[in-house]
Amino acid sequence: MAITAGMVKELREMTGAGMMDCKKALTATEGDMDKAIEWLREKGLATAQKKAGRIAAEGIAMVLVSEDSKKAVAVEVNAETDFVAKNEKFQGYVAQVAEQAMETSAADIDAFLAEPWKFDTTKTVNEALAAQIAVIGENMNIRRFVQVTEENGFVASYTHMGGKIGVLVDVVTDVVNDEIKEMAKNVAMQVAALKPLYTSDAEVSEDYIAHEKEILLAQIMNDPKESQKPEKVIQGMIQGRIKKELKEICLLDQVYVKAEDGKQSVGQYVAQVAKANGANITIKGFVRYETGEGIEKKQEDFAAEVAKQMGM
C-alpha cells in the first residue's frame, strides 16, 4: 500500500511523533493506522515526542575509561529534573550510553543516534532513548559525546558532584606510575574547578587575541582618565591585560589550585612531577563537560502559577 503524505500527517497529529517515525510506522504496518499507533507506542516514540518540547537541562556528564586507560569517552545525557538525574534507572541508562559511545565510529550525534543500540540491536540509539523517555516520564536528550585515545601515555578522568561535571585529561608520558597518575587526577580536578578554555596559549588563535585587544582598547578609550595616556602606555596596558587573561583561560598557565606558595602554575607542577619521576610528560589536551552548560533553563515562578490558577 502506498503511504501518502496525508496519512503521515494524520498519524503525526494523533500521536505527536516525528514525521519520519510516522512514515516508518505506516510502512511497517502496511498503512494500518491503528497498528501504526501501536508500533509507535511500543517503541516509545509517541510518548517521547509529546515531551520533546520540554526543556531538559539537568542530567549527567559521565566519563568512562578503558581498563588500560588508553581510551576514554565523555557523554552528556539530559533530563528535565535533578530528581530524575539522581534516579538509579536514569544513571544506569547513561552508563549504557557511555558504553555505546566508547565503541561508536559515529562522527557526530546524529550518526550516533541512528546506529544500532548495543543492548538491543533491533532498535536504534534514538529508539532506545524514546523507550527510556516513556519509562522515566521526562524529556531526555543525548546531547554530546567525545572519545579520547592516547597510545603514548594514558587518559585520566574526574567526575565532580555526582556527574555535574565530567573531565578527561590526555597525558603523553614515557613513565606511568601512581605519582604520575595522581598528578593527572589533580590536573583533571583543576580543569573541573577553574574551567580553562585552552590547554596552553599555543592553542589561542590570533583572531581571538585581536578581538580581545579591540574590546580592551574600547574599554580604555571609554575611561576619561586612561584614554588620555600616551599610545605606547595604552598598548602596554592592553598587552598586560591580555597576558593576565591568558593565564586565567589556559590550563598550563593557571595557578595550580593546590600550590603551597599560591604561585606555582599547572605547567610548573607537571614539570616538577616529571623531574621527580625521570619522565617526559606533556598534557596534550582535555575535555570538560558541564551538565546543562549553555542550555537556557525554564524559570518557574510557582507562587505566580498558583495565584493564576486561583484567579488572583
# chains A, B, ... in the order shown; residues from 1 in each chain; ligands from 1

call {"tool": "residues_around", "arguments": {"residues": "A:Glu103", "least_positions_apart": "2", "cutoff": "10 Å", "atoms": "only C-alpha atoms", "output": "PyMOL selection string"}}
result
chain A and resi 73+98-101+105-106+118+147

call {"tool": "residues_around", "arguments": {"residues": "A:Gly267", "least_positions_apart": "3", "cutoff": "7 Å", "atoms": "only C-alpha atoms", "output": "PyMOL selection string"}}
result
chain A and resi 252-253+270-271

call {"tool": "atom_distance", "arguments": {"atom1": "atom CA of A:Glu203", "atom2": "atom CA of A:Lys258"}}
result
24.6 Å

call {"tool": "residues_around", "arguments": {"residues": "A:Ile60", "least_positions_apart": "3", "cutoff": "10 Å", "atoms": "only C-alpha atoms", "output": "list in words"}}
result
Ala57, Val63, Val75, Glu76, Val77, Asn78, Ala79, Asp82, Ala85, Lys86, Phe90, Gln91, Val94, Ala95, Thr159, Met161, Gly162, Gly163, Lys164, Ile165, Gly166, Tyr289, Glu290, Thr291 and Gly292 of chain A

call {"tool": "write_last_selection", "arguments": {"atoms": "C-alpha atoms", "output": "compact mmCIF listing (two decimals), in the first residue's frame"}}
result
# COMPACT_ATOMS: atom_id res chain seq x y z
CA ALA A 57 18.79 20.94 31.20
CA VAL A 63 33.15 9.63 31.83
CA VAL A 75 28.94 11.81 27.39
CA GLU A 76 26.24 14.22 28.48
CA VAL A 77 22.67 12.96 28.78
CA ASN A 78 20.00 15.41 29.89
CA ALA A 79 16.70 15.10 31.72
CA ASP A 82 17.61 16.86 39.09
CA ALA A 85 19.18 12.73 37.23
CA LYS A 86 19.76 11.10 40.61
CA PHE A 90 18.46 7.04 34.61
CA GLN A 91 22.05 6.64 35.78
CA VAL A 94 23.55 6.90 30.94
CA ALA A 95 26.18 4.24 31.74
CA THR A 159 33.77 13.41 37.96
CA MET A 161 29.31 16.44 42.20
CA GLY A 162 27.99 13.06 41.07
CA GLY A 163 28.07 13.92 37.38
CA LYS A 164 27.53 17.68 37.25
CA ILE A 165 30.98 17.95 35.65
CA GLY A 166 32.95 15.25 33.81
CA TYR A 289 31.56 18.61 30.12
CA GLU A 290 29.30 20.51 32.49
CA THR A 291 25.69 19.36 32.64
CA GLY A 292 23.27 21.83 31.08

call {"tool": "residues_around", "arguments": {"residues": "A:Asp170", "least_positions_apart": "5", "cutoff": "9 Å", "atoms": "only C-alpha atoms", "output": "PyMOL selection string"}}
result
chain A and resi 148-150+153-156+184+282-287

call {"tool": "residues_around", "arguments": {"residues": "A:Val204", "least_positions_apart": "2", "cutoff": "12 Å", "atoms": "only C-alpha atoms", "output": "PyMOL selection string"}}
result
chain A and resi 196-202+206-212+242-243+245-247+249-251

call {"tool": "write_last_selection", "arguments": {"atoms": "N, CA, C and O atoms", "output": "short mmCIF file (atom, residue, chain, number, x, y, z; two decimals), in the first residue's frame"}}
result
data_model
loop_
_atom_site.label_atom_id
_atom_site.label_comp_id
_atom_site.auth_asym_id
_atom_site.auth_seq_id
_atom_site.Cartn_x
_atom_site.Cartn_y
_atom_site.Cartn_z
N PRO A 196 39.22 26.06 32.40
CA PRO A 196 40.05 26.65 31.34
C PRO A 196 39.41 26.44 29.97
O PRO A 196 38.62 25.51 29.78
N LEU A 197 39.76 27.31 29.03
CA LEU A 197 39.25 27.19 27.66
C LEU A 197 40.26 26.51 26.74
O LEU A 197 39.88 25.93 25.73
N TYR A 198 41.54 26.62 27.08
CA TYR A 198 42.61 26.07 26.25
C TYR A 198 43.60 25.32 27.13
O TYR A 198 43.70 25.56 28.33
N THR A 199 44.39 24.43 26.50
CA THR A 199 45.43 23.72 27.23
C THR A 199 46.62 24.66 27.46
O THR A 199 47.14 24.77 28.56
N SER A 200 47.05 25.33 26.40
CA SER A 200 48.15 26.29 26.52
C SER A 200 47.87 27.48 25.60
O SER A 200 46.96 27.42 24.76
N ASP A 201 48.69 28.54 25.73
CA ASP A 201 48.46 29.72 24.89
C ASP A 201 48.76 29.46 23.42
O ASP A 201 48.36 30.23 22.55
N ALA A 202 49.44 28.32 23.12
CA ALA A 202 49.72 27.97 21.73
C ALA A 202 48.44 27.64 20.97
O ALA A 202 48.39 27.72 19.74
N GLU A 206 44.98 33.81 16.71
CA GLU A 206 45.28 35.22 16.53
C GLU A 206 44.00 36.05 16.48
O GLU A 206 43.95 37.19 16.95
N ASP A 207 42.96 35.45 15.91
CA ASP A 207 41.66 36.14 15.83
C ASP A 207 41.11 36.43 17.22
O ASP A 207 40.55 37.51 17.47
N TYR A 208 41.25 35.46 18.12
CA TYR A 208 40.77 35.63 19.50
C TYR A 208 41.54 36.78 20.17
O TYR A 208 40.93 37.65 20.81
N ILE A 209 42.87 36.77 20.02
CA ILE A 209 43.70 37.81 20.62
C ILE A 209 43.32 39.19 20.07
O ILE A 209 43.17 40.16 20.82
N ALA A 210 43.16 39.25 18.74
CA ALA A 210 42.81 40.52 18.10
C ALA A 210 41.46 41.04 18.60
O ALA A 210 41.30 42.24 18.87
N HIS A 211 40.50 40.13 18.75
CA HIS A 211 39.17 40.50 19.23
C HIS A 211 39.23 41.03 20.66
O HIS A 211 38.61 42.05 20.99
N GLU A 212 40.00 40.35 21.52
CA GLU A 212 40.14 40.77 22.90
C GLU A 212 40.82 42.13 22.99
O GLU A 212 40.46 42.97 23.83
N ILE A 242 45.98 41.24 28.40
CA ILE A 242 45.89 40.03 27.58
C ILE A 242 46.66 38.90 28.25
O ILE A 242 46.18 37.76 28.35
N LYS A 243 47.87 39.22 28.71
CA LYS A 243 48.72 38.21 29.37
C LYS A 243 48.03 37.67 30.62
O LYS A 243 48.04 36.45 30.88
N GLU A 245 44.77 37.62 31.18
CA GLU A 245 43.61 36.84 30.76
C GLU A 245 44.03 35.44 30.32
O GLU A 245 43.37 34.45 30.65
N LEU A 246 45.13 35.35 29.56
CA LEU A 246 45.60 34.04 29.08
C LEU A 246 45.98 33.14 30.25
O LEU A 246 45.80 31.92 30.18
N LYS A 247 46.50 33.73 31.32
CA LYS A 247 46.85 32.93 32.50
C LYS A 247 45.61 32.36 33.17
O LYS A 247 45.68 31.36 33.88
N ILE A 249 42.69 31.57 31.36
CA ILE A 249 41.94 30.67 30.47
C ILE A 249 42.76 29.51 29.91
O ILE A 249 42.21 28.59 29.34
N CYS A 250 44.10 29.55 30.08
CA CYS A 250 44.97 28.48 29.58
C CYS A 250 45.39 27.59 30.75
O CYS A 250 46.02 28.06 31.70
N LEU A 251 45.03 26.33 30.69
CA LEU A 251 45.24 25.39 31.79
C LEU A 251 46.66 25.42 32.35
O LEU A 251 46.86 25.57 33.56
#

call {"tool": "closest_residue", "arguments": {"among": "A:Glu38, A:Leu64, A:Val84, A:Gln239", "to": "A:Glu138", "atoms": "only C-alpha atoms"}}
result
A:Val84

call {"tool": "select_by_dssp", "arguments": {"residues": "stretch 64-182 of chain A", "states": "alpha helix (DSSP H)", "output": "PyMOL selection string"}}
result
chain A and resi 82-85+88-103+109-114+125-136+178-182

call {"tool": "residues_around", "arguments": {"residues": "A:Val273", "least_positions_apart": "4", "cutoff": "8 Å", "atoms": "only C-alpha atoms", "output": "list in words"}}
result
Glu179, Ile180, Met183, Tyr269 and Asn277 of chain A

call {"tool": "write_last_selection", "arguments": {"atoms": "N, CA, C and O atoms", "output": "PDB file, in the first residue's frame"}}
result
ATOM      1  N   GLU A 179      52.371   8.068  41.189  1.00  0.00           N
ATOM      2  CA  GLU A 179      52.582   9.507  41.393  1.00  0.00           C
ATOM      3  C   GLU A 179      52.153  10.305  40.158  1.00  0.00           C
ATOM      4  O   GLU A 179      51.537  11.376  40.277  1.00  0.00           O
ATOM      5  N   ILE A 180      52.461   9.764  38.989  1.00  0.00           N
ATOM      6  CA  ILE A 180      52.078  10.454  37.748  1.00  0.00           C
ATOM      7  C   ILE A 180      50.569  10.370  37.536  1.00  0.00           C
ATOM      8  O   ILE A 180      49.941  11.332  37.075  1.00  0.00           O
ATOM      9  N   MET A 183      49.111  12.981  39.724  1.00  0.00           N
ATOM     10  CA  MET A 183      49.291  14.288  39.098  1.00  0.00           C
ATOM     11  C   MET A 183      48.207  14.538  38.062  1.00  0.00           C
ATOM     12  O   MET A 183      47.597  15.618  38.018  1.00  0.00           O
ATOM     13  N   TYR A 269      53.896  22.605  37.948  1.00  0.00           N
ATOM     14  CA  TYR A 269      53.580  21.430  38.763  1.00  0.00           C
ATOM     15  C   TYR A 269      53.816  20.143  37.974  1.00  0.00           C
ATOM     16  O   TYR A 269      54.440  19.195  38.476  1.00  0.00           O
ATOM     17  N   ASN A 277      60.168  11.975  38.712  1.00  0.00           N
ATOM     18  CA  ASN A 277      59.974  10.586  38.281  1.00  0.00           C
ATOM     19  C   ASN A 277      60.798  10.229  37.043  1.00  0.00           C
ATOM     20  O   ASN A 277      60.602   9.150  36.467  1.00  0.00           O
TER      21      ASN A 277
END

call {"tool": "residues_around", "arguments": {"residues": "A:Asp32", "least_positions_apart": "5", "cutoff": "12 Å", "atoms": "only C-alpha atoms", "output": "PyMOL selection string"}}
result
chain A and resi 1-3+7-8+11+22-27+37-39
